[in-house]
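Visitor: Structure supplied as data_25.pdb; contents: PDB, C-alpha atoms.
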```pdb
MODEL        1
ATOM      1  CA  MET D  28     148.711 129.269 183.343
ATOM      2  CA  LYS D  29     148.946 132.228 180.951
ATOM      3  CA  ARG D  30     152.420 133.014 182.283
ATOM      4  CA  LEU D  31     153.545 129.441 181.626
ATOM      5  CA  ILE D  32     152.272 129.528 178.047
ATOM      6  CA  ILE D  33     153.816 132.943 177.405
ATOM      7  CA  SER D  34     157.115 131.799 178.933
ATOM      8  CA  CYS D  35     157.150 128.661 176.802
ATOM      9  CA  LEU D  36     156.375 130.638 173.645
ATOM     10  CA  THR D  37     159.089 133.161 174.455
ATOM     11  CA  VAL D  38     161.663 130.422 174.987
ATOM     12  CA  LEU D  39     160.637 128.637 171.802
ATOM     13  CA  LEU D  40     160.733 131.814 169.735
ATOM     14  CA  SER D  41     164.127 132.814 171.093
ATOM     15  CA  LEU D  42     165.524 129.342 170.433
ATOM     16  CA  GLY D  43     164.063 129.501 166.930
ATOM     17  CA  ALA D  44     165.803 132.813 166.318
ATOM     18  CA  PHE D  45     169.175 131.318 167.267
ATOM     19  CA  ALA D  46     168.582 128.167 165.243
ATOM     20  CA  THR D  47     167.615 129.958 162.055
ATOM     21  CA  GLU D  48     170.966 130.088 160.410
ATOM     22  CA  PRO D  49     170.572 130.550 156.691
ATOM     23  CA  GLN D  50     169.969 127.108 155.264
ATOM     24  CA  GLN D  51     170.919 126.463 151.700
ATOM     25  CA  LYS D  52     168.096 125.170 149.602
ATOM     26  CA  PHE D  53     168.806 122.472 147.087
ATOM     27  CA  SER D  54     169.310 123.905 143.645
ATOM     28  CA  PRO D  55     168.985 121.365 140.820
ATOM     29  CA  GLU D  56     170.786 123.728 138.449
ATOM     30  CA  LYS D  57     173.714 124.165 140.821
ATOM     31  CA  PHE D  58     173.839 120.425 141.487
ATOM     32  CA  GLN D  59     173.882 119.699 137.735
ATOM     33  CA  ALA D  60     176.592 122.281 137.107
ATOM     34  CA  GLU D  61     178.763 120.844 139.887
ATOM     35  CA  LEU D  62     178.193 117.312 138.627
ATOM     36  CA  GLU D  63     179.193 118.261 135.086
ATOM     37  CA  GLN D  64     182.251 120.163 136.300
ATOM     38  CA  PHE D  65     183.301 117.201 138.446
ATOM     39  CA  ILE D  66     182.823 114.727 135.585
ATOM     40  CA  THR D  67     184.687 116.996 133.163
ATOM     41  CA  GLU D  68     187.649 117.277 135.529
ATOM     42  CA  GLU D  69     187.735 113.657 136.682
ATOM     43  CA  ALA D  70     187.318 112.162 133.205
ATOM     44  CA  CYS D  71     189.641 114.766 131.649
ATOM     45  CA  LEU D  72     187.079 115.749 129.024
ATOM     46  CA  THR D  73     188.174 118.334 126.501
ATOM     47  CA  PRO D  74     185.763 121.227 125.864
ATOM     48  CA  GLN D  75     184.830 119.619 122.531
ATOM     49  CA  GLU D  76     184.152 116.257 124.165
ATOM     50  CA  ALA D  77     182.096 117.878 126.922
ATOM     51  CA  THR D  78     180.039 119.783 124.345
ATOM     52  CA  LYS D  79     179.151 116.539 122.568
ATOM     53  CA  PHE D  80     178.785 114.398 125.688
ATOM     54  CA  PHE D  81     176.632 116.390 128.112
ATOM     55  CA  PRO D  82     173.526 116.782 125.922
ATOM     56  CA  LEU D  83     173.369 112.975 125.681
ATOM     57  CA  TYR D  84     174.066 112.653 129.387
ATOM     58  CA  ARG D  85     171.252 115.091 130.297
ATOM     59  CA  GLU D  86     168.901 113.227 127.966
ATOM     60  CA  MET D  87     169.730 109.962 129.762
ATOM     61  CA  GLN D  88     169.189 111.591 133.169
ATOM     62  CA  LYS D  89     165.785 112.922 132.101
ATOM     63  CA  LYS D  90     164.630 109.462 131.034
ATOM     64  CA  GLN D  91     165.987 107.915 134.224
ATOM     65  CA  ARG D  92     164.173 110.512 136.363
ATOM     66  CA  GLU D  93     160.908 109.675 134.618
ATOM     67  CA  VAL D  94     161.312 105.998 135.511
ATOM     68  CA  LEU D  95     162.334 106.880 139.076
ATOM     69  CA  GLY D  96     159.175 108.963 139.376
ATOM     70  CA  GLN D  97     157.117 105.941 138.383
ATOM     71  CA  MET D  98     158.987 103.824 140.935
ATOM     72  CA  ARG D  99     158.363 106.384 143.683
ATOM     73  CA  ALA D 100     154.668 106.585 142.838
ATOM     74  CA  LEU D 101     154.456 102.799 142.897
ATOM     75  CA  GLY D 102     156.003 102.607 146.349
ATOM     76  CA  LYS D 103     153.870 105.264 148.048
ATOM     77  CA  VAL D 104     151.111 102.943 149.203
ATOM     78  CA  LYS D 105     151.428  99.283 150.084
ATOM     79  CA  PRO D 106     148.744  97.234 148.338
ATOM     80  CA  THR D 107     146.320  95.449 150.648
ATOM     81  CA  GLU D 108     145.828  92.257 148.643
ATOM     82  CA  GLU D 109     148.469  89.610 147.932
ATOM     83  CA  ALA D 110     147.789  89.720 144.193
ATOM     84  CA  GLU D 111     148.232  93.512 144.174
ATOM     85  CA  CYS D 112     151.505  93.164 146.113
ATOM     86  CA  LYS D 113     152.742  90.680 143.547
ATOM     87  CA  LYS D 114     151.814  93.032 140.677
ATOM     88  CA  ALA D 115     153.544  95.949 142.423
ATOM     89  CA  ILE D 116     156.731  93.923 142.860
ATOM     90  CA  GLN D 117     156.652  92.780 139.237
ATOM     91  CA  LYS D 118     156.078  96.360 138.045
ATOM     92  CA  HIS D 119     158.971  97.556 140.199
ATOM     93  CA  ASP D 120     161.182  94.862 138.673
ATOM     94  CA  GLU D 121     160.135  95.958 135.169
ATOM     95  CA  LEU D 122     161.030  99.554 136.009
ATOM     96  CA  ASP D 123     164.412  98.444 137.379
ATOM     97  CA  LEU D 124     165.109  96.676 134.097
ATOM     98  CA  GLU D 125     163.949  99.735 132.159
ATOM     99  CA  GLN D 126     166.466 101.835 134.137
ATOM    100  CA  LYS D 127     169.259  99.453 133.185
ATOM    101  CA  ASN D 128     168.145  99.430 129.541
ATOM    102  CA  ILE D 129     168.227 103.224 129.446
ATOM    103  CA  GLN D 130     171.684 103.149 130.968
ATOM    104  CA  GLN D 131     172.948 100.559 128.494
ATOM    105  CA  THR D 132     171.458 102.404 125.517
ATOM    106  CA  TYR D 133     173.100 105.667 126.517
ATOM    107  CA  HIS D 134     176.423 104.086 127.351
ATOM    108  CA  ASN D 135     176.462 102.845 123.757
ATOM    109  CA  LYS D 136     175.620 106.358 122.549
ATOM    110  CA  PHE D 137     178.438 107.760 124.687
ATOM    111  CA  PHE D 138     180.871 105.512 122.788
ATOM    112  CA  THR D 139     180.042 107.489 119.641
ATOM    113  CA  VAL D 140     181.326 110.747 121.169
ATOM    114  CA  LEU D 141     183.964 109.546 123.655
ATOM    115  CA  PRO D 142     186.575 106.798 123.781
ATOM    116  CA  ALA D 143     185.566 103.845 125.955
ATOM    117  CA  SER D 144     188.232 104.722 128.529
ATOM    118  CA  LYS D 145     186.646 108.144 129.046
ATOM    119  CA  VAL D 146     183.136 106.670 129.254
ATOM    120  CA  TYR D 147     184.522 104.413 131.979
ATOM    121  CA  ASP D 148     185.994 107.447 133.752
ATOM    122  CA  VAL D 149     182.691 109.321 133.434
ATOM    123  CA  ILE D 150     180.777 106.441 135.042
ATOM    124  CA  LYS D 151     183.281 106.242 137.904
ATOM    125  CA  ALA D 152     183.297 110.036 138.354
ATOM    126  CA  GLU D 153     179.500 110.179 138.508
ATOM    127  CA  ASP D 154     179.490 107.482 141.171
ATOM    128  CA  ARG D 155     182.193 109.269 143.217
ATOM    129  CA  PHE D 156     180.326 112.567 142.938
ATOM    130  CA  HIS D 157     177.082 111.104 144.263
ATOM    131  CA  ARG D 158     178.836 109.237 147.079
ATOM    132  CA  ARG D 159     180.629 112.392 148.196
ATOM    133  CA  MET D 160     177.464 114.467 148.024
ATOM    134  CA  PHE D 161     175.526 111.967 150.117
ATOM    135  CA  ARG D 162     178.367 111.718 152.605
ATOM    136  CA  ASN D 163     178.616 115.517 152.833
ATOM    137  CA  TRP D 164     174.868 115.903 153.292
ATOM    138  CA  ALA D 165     174.832 113.166 155.928
ATOM    139  CA  GLN D 166     177.646 114.898 157.806
ATOM    140  CA  GLY D 167     176.049 118.309 157.364
ATOM    141  CA  GLU D 168     179.102 119.725 155.651
ATOM    142  CA  GLY D 169     178.952 122.536 153.165
ATOM    143  CA  LYS D 170     181.812 121.108 151.129
ATOM    144  CA  ARG D 171     181.334 120.379 147.480
ATOM    145  CA  PRO D 172     182.595 117.149 145.876
ATOM    146  CA  HIS D 173     184.978 118.985 143.575
ATOM    147  CA  GLN D 174     186.939 120.136 146.606
ATOM    148  CA  LYS D 175     189.561 117.449 146.853
ATOM    149  CA  LYS D 176     190.223 116.035 150.270
ATOM    150  CA  GLU D 177     193.632 114.939 151.445
ATOM    151  CA  HIS D 178     194.198 111.212 151.337
ATOM    152  CA  ARG D 179     194.609 109.468 154.655
ATOM    153  CA  LYS D 180     197.704 107.416 155.234
TER     154      LYS D 180
ENDMDL
END
```
What is this structure when it is put down as structure tokens?
Guide:
Amino acid sequence: MKRLIISCLTVLLSLGAFATEPQQKFSPEKFQAELEQFITEEACLTPQEATKFFPLYREMQKKQREVLGQMRALGKVKPTEEAECKKAIQKHDELDLEQKNIQQTYHNKFFTVLPASKVYDVIKAEDRFHRRMFRNWAQGEGKRPHQKKEHRK
């Protein structure tokens, strides 16, 4: 019995040694820097525009993260009573609307520092960045979104 346990532990430890390839940890700072670089390139922001735009953008993101945190906390435990479920759904809906209000407020602020066409490009670039990141993470690739892929024909 001892031999079986020792053999199993040895096999598991040796497999673990082979499987421990250095995994990259998520770095919020690196993610933010890549996002801003991608947006700057895709929306063709000048250095002056980027300097004015990104502080507002980061401010919007901070407010959105706060609301998302509330949404996550709300969804951690399913209420047991029907009335509590109804309240949780209504609160979630309120937070969804708050997210959209934050977005609308900041889009209007963006218009004060960028032309509408560039705000449009920023919104599209942000969406493309997140889609590519999720796709890359799902596929286990180490590629970054700013690395352009060849178009398929």
Visitor: Env of Gln91 in chain D: 8 Å cut, atoms = all atoms listed in the file, seq-sep filter 4 positions within chain, self excluded. Answer as a PDB file with C-alpha atoms, keeping the file's coordinate frame.
Guide:
```pdb
ATOM      1  CA  MET D  87     169.730 109.962 129.762  1.00  0.00           C
ATOM      2  CA  LEU D  95     162.334 106.880 139.076  1.00  0.00           C
ATOM      3  CA  GLN D 126     166.466 101.835 134.137  1.00  0.00           C
ATOM      4  CA  ILE D 129     168.227 103.224 129.446  1.00  0.00           C
TER       5      ILE D 129
END
```
Visitor: Go through D:Arg92, D:Pro142, D:Tyr147, D:Ala152 and flag the residue nearest Glu125 in chain D, using only C-alpha atoms for the distances.
Guide: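 Smallest separation from Glu125 in chain D among the options: D:Arg92.
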Visitor: Which centre and which edge lengths, in Å to one decimal, describe the axis-aligned box that holds all listed atoms of range 146-156 of chain D after 3 Å is added on each side, as lines of an AutoDock Vina configuration file?
Guide:
```
center_x = 182.7
center_y = 108.5
center_z = 136.2
size_x = 12.5
size_y = 14.2
size_z = 20.0
```
Visitor: Considering only C-alpha atoms, can you say which of D:Ala115, D:Val140, D:Leu122, D:Leu83 comes closest to Gln97 in chain D?
Guide: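 Looking only at the distances to Gln97 in chain D, the closest residue turns out to be D:Leu122.
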Visitor: Would you mind telling me which residue in D:Tyr133, D:Phe138, D:Phe156, D:Phe161 lies nearest to Tyr84 in chain D when using all atoms listed in the file?
Guide: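 For Tyr84 in chain D, the nearest of the candidates is D:Tyr133.
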Visitor: Go ahead and compute the interatomic distance for CA of Lys151 in chain D and CA of Lys89 in chain D, in Å to one decimal.
Guide: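 Here the two named atoms are 19.6 Å from each other.
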Visitor: Quick one, how far is CA of Gly102 in chain D from CA of Arg158 in chain D?
Guide: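 Between CA of Gly102 in chain D and CA of Arg158 in chain D the gap is 23.8 Å.
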Visitor: For a quick check of understanding, using all atoms listed in the file, which of D:Lys57, D:Lys127, D:Arg155, D:Lys136 has the smallest distance to Glu86 in chain D?
Guide: D:Lys136
Visitor: Write out as a PDB file with C-alpha atoms, keeping the file's coordinate frame each polymer residue whose atoms come within 9 Å of range 60-67 of chain D, counting all atoms listed in the file; drop sequence neighbours fewer than 6 positions from it.
Guide:
```
ATOM      1  CA  THR D  73     188.174 118.334 126.501  1.00  0.00           C
ATOM      2  CA  PRO D  74     185.763 121.227 125.864  1.00  0.00           C
ATOM      3  CA  ALA D  77     182.096 117.878 126.922  1.00  0.00           C
ATOM      4  CA  PHE D  81     176.632 116.390 128.112  1.00  0.00           C
ATOM      5  CA  ASP D 148     185.994 107.447 133.752  1.00  0.00           C
ATOM      6  CA  VAL D 149     182.691 109.321 133.434  1.00  0.00           C
ATOM      7  CA  ILE D 150     180.777 106.441 135.042  1.00  0.00           C
ATOM      8  CA  LYS D 151     183.281 106.242 137.904  1.00  0.00           C
ATOM      9  CA  ALA D 152     183.297 110.036 138.354  1.00  0.00           C
ATOM     10  CA  GLU D 153     179.500 110.179 138.508  1.00  0.00           C
ATOM     11  CA  PHE D 156     180.326 112.567 142.938  1.00  0.00           C
ATOM     12  CA  HIS D 157     177.082 111.104 144.263  1.00  0.00           C
ATOM     13  CA  ARG D 171     181.334 120.379 147.480  1.00  0.00           C
ATOM     14  CA  PRO D 172     182.595 117.149 145.876  1.00  0.00           C
ATOM     15  CA  HIS D 173     184.978 118.985 143.575  1.00  0.00           C
TER      16      HIS D 173
END
```
Visitor: Smallest atom-to-atom distance to Thr132 in chain D: which of D:Asp120, D:Lys105, D:Asn163, D:Lys90, using all atoms listed in the file?
Guide: D:Lys90
Visitor: CA of Ser54 in chain D and CA of Leu101 in chain D, how far apart in Å?
Guide: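 These atoms are spaced 25.8 Å apart.
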Visitor: I need the residue nearest Asn128 in chain D from this list: D:Thr78, D:Gln59, D:Ala143, D:Val94. Use only C-alpha atoms for the distance.
Guide: D:Val94
